[in-house]
Amino acid sequence: MRYLEEKIVKILMICSILAVLGSLLFILFITISRGWISINENPGIIFTTPGPRYLLGGEGGFFHAIAGSLYMVVPSTIISLILACLIALFLQSEYSSKRISEIIRLFIDILWGTPSIIYGLFVLTILISFHRRGCLLAGIVALIFLELPIITRYVDESISSTPKELKEIAYSMGLTRVEVSKIILKYSSSGIIAGSLIGLGRAFGDAASIIFTTGAASTMPKGLLSSCTALPVVIFQQANSFYPSVRDHAYAAAFILIIIILILSITSRLLQKKFSKYTVGD
Amino acid sequence: MQENNGIVIRNLNIYYKNNSKNDFTALHNINLDIPKNQITAIMGPSGSGKTTLLKSLNRLHSINNGVKVNGQVIIDGEDIYHPMHLLPELRRKVGLISQKPIPLPTSIYENVAYGPKIHNRLNRKESDAIVEKTLKKVNLWEEVKERLNQPAADLSVGQQQRLSIARAISINPDILLCDEITSALDPISSEKVEHLLLSLKEEYTIVLVSHMLRQVKRLGDYVIFLYMGKVIEQGNMGELFNSPRNKITQQYIKGVIS
């Protein structure tokens with residue numbers, strides 16, 4: 001009976017893996033094949049901004065959305081990462097008691113679980129109260145809210161798994177708190193990179209938090225206070241079009257999004273490998 | 001014993017905050033005179049307060065919450081528990097080598113050069129000289145001179161522990177605190193580290209925590225026996241091992257209590 005149970009669990013495990021991998025590969029195949037066909041037919045769509053009749057199946061491309069995504073995601077990830085490191089260091093320092101740290105972690109977990117559209121609504125409320133329209137800056141702020149809890153939890157976990165002796169050794173060398181923190185962050189860099197990538201991926205793919213906050217412009221972002229758009233928003237708009245040629249552009253935009261995520265994943269793996277060679281394995 | 005020479009501890013009490021109303025007293029009214037340029041071994045069963053006493057000498061327990069200290073620890077004529085005492089400066093003078101060797105997440109070279117570079121702005125030539133001199137002092141230079149830029153984590157555990165000693169002495173401390181530094185090592189590496197400590201005592205005051213009686217006999221010049229947070233007996237190694245005055249010390253040396 002025990003051996004039968006073992007076999008059943010093994011079969012269930014393999015079936016689960018096949019189901020997940022199969023669906024993942026299917027999603028990738030559909031997006032990449034349709035996206036690639038669309039880009040191959042008209043490569044100009046990834047280098048041009050929309051013309052006047054773009055959403056009616058006319059001329060132009062979605063370069064403004066690629067630029068908008070990068071302009072929003074890169075600064076929001078950098079700011080979130082800096083804030084996440086400071087919060088995580090505070091949570092594990094003598095400035096915070098165990099109880100306070102636990103309460104803060106609970107809040108961070110709640111924020112992590114909050115649907116991103118709520119952050120969009122929150123930023124929209126601020127914009128309305130200042131009588132402002134959607135802009136790049138508001139998009140960056142919404143994405144910071146989205147990324148901060150994710151990156152903070154990763155950095156926190158990563159720091160808490162550094163050996164306690166490392167902190168003692170660093171303090172015993174006569175280092176200040178800031179110098180000790182730098183060493184701890186360097187030791188945890190592998191986990192910090194992983195957390196940043198997950199935050200970055202979420203930010204690149206999230207439409208809900210920026211759909212109200214950026215103004216959905218059809219031009220290149222001109223400044224922090226000018227409206228802009230991002231790839232997921234453009235995918236949403238194009239996929240709803242009556243025109244098949246515009247719907248094809250949605251797949252092309254999705255293809256670009258996947259390529260960006262792929263490049264980021266590979267870069268982060270390489271960086272993780274580079275940093276992990278300096279840490280002692282268990 | 002002159003106060004300025006070694007470490008003088010007077011009426012030291014250390015309490016850990018408990019969830020219950022009463023704090024746990026880890027060290028009770030400790031009075032000690034630790035001699036300069038000797039190896040002072042602190043021995044005692046598990047939970048007797050050996051590591052707490054060791055870490056009280058460079059205030060390392062203050063990095064954790066819930067520790068209360070009263071009493072005096074005088075090093076170089078100054079009470080290190082005086083509120084105006086600068087902790088980084090104290091810890092530069094009183095280095096620690098921990099039980100588990102953890103290299104800094106960087107190269108072998110940087111592990112040794114990092115401390116001196118932080119404390120004194122050095123150029124490359126000066127830091128090269130310090131790295132070579134320090135690694136020679138811990139008998140590691142010949143083994144690593146060709147691969148100084150490789151990660152320190154690639155070294156064997158025994159080499160990592162000698163690197164930890166090099167890192168500690170690279171910033172020129174007066175006192176070295178050693179917390180069971182051979183317990184994670186194989187017998188050959190332990191022997192190398194013990195020889196190293198014997199060679200270093202001419203330059204540094206060494207305080208060693210060990211639960212191995214044979215190691216205390218081999219290395220200790222002066223021995224402190226702690227039991228349940230109290231100093232039961234202290235004295236020269238030969239004296240304490242050959243004619244212990246206290247009954248608990250006699251029982252500990254015979255292995256009746258552990």
# chains A, B, ... in the order shown; residues from 1 in each chain; ligands from 1
>>> interface_residues(of="chain A", to="chain B", cutoff="12 Å", atoms="only C-alpha atoms", output="MDAnalysis selection string")
chainID A and resid 92:99 162:180 182:190 274:282
>>> select_by_dssp(residues="stretch 80-265 of chain A", states="helix (DSSP H, G or I)", output="ChimeraX atom specification")
/A:80-91,98-113,116-129,136-160,164-172,177-187,189-205,231-239,244-265
>>> closest_residue(among="A:Val123, A:Leu197, A:Ala138, A:Val234", to="A:Ile261", atoms="only C-alpha atoms")
A:Leu197
>>> residues_around(residues="A:Thr152", least_positions_apart="5", cutoff="9 Å", atoms="only C-alpha atoms", output="list in words")
Ser80, Leu81, Leu83, Ala84, Cys85, Leu86, Ile87, Ala88, Ile108, Glu147, Glu157, Ile192 and Gly195 of chain A
>>> select_by_dssp(residues="stretch 173-220 of chain B", states="strand (DSSP E)", output="list of chain:residue names")
B:Ile175, B:Leu176, B:Leu177, B:Cys178, B:Asp179, B:Thr205, B:Ile206, B:Val207, B:Leu208, B:Val209
>>> closest_residue(among="A:Leu28, A:Ile82, A:Ile193, A:Leu21", to="A:Leu262", atoms="only C-alpha atoms")
A:Leu28
>>> atom_distance(atom1="atom CA of B:Leu163", atom2="atom CA of B:Ile34")
26.0 Å
>>> residues_around(residues="A:Gly44", least_positions_apart="3", cutoff="12 Å", atoms="only C-alpha atoms", output="PyMOL selection string")
chain A and resi 38-41+47-50+59-63+249+252
>>> residues_around(residues="B:Ile14", least_positions_apart="4", cutoff="8 Å", atoms="only C-alpha atoms", output="number ranges by chain")
B: 25-28, 67-70
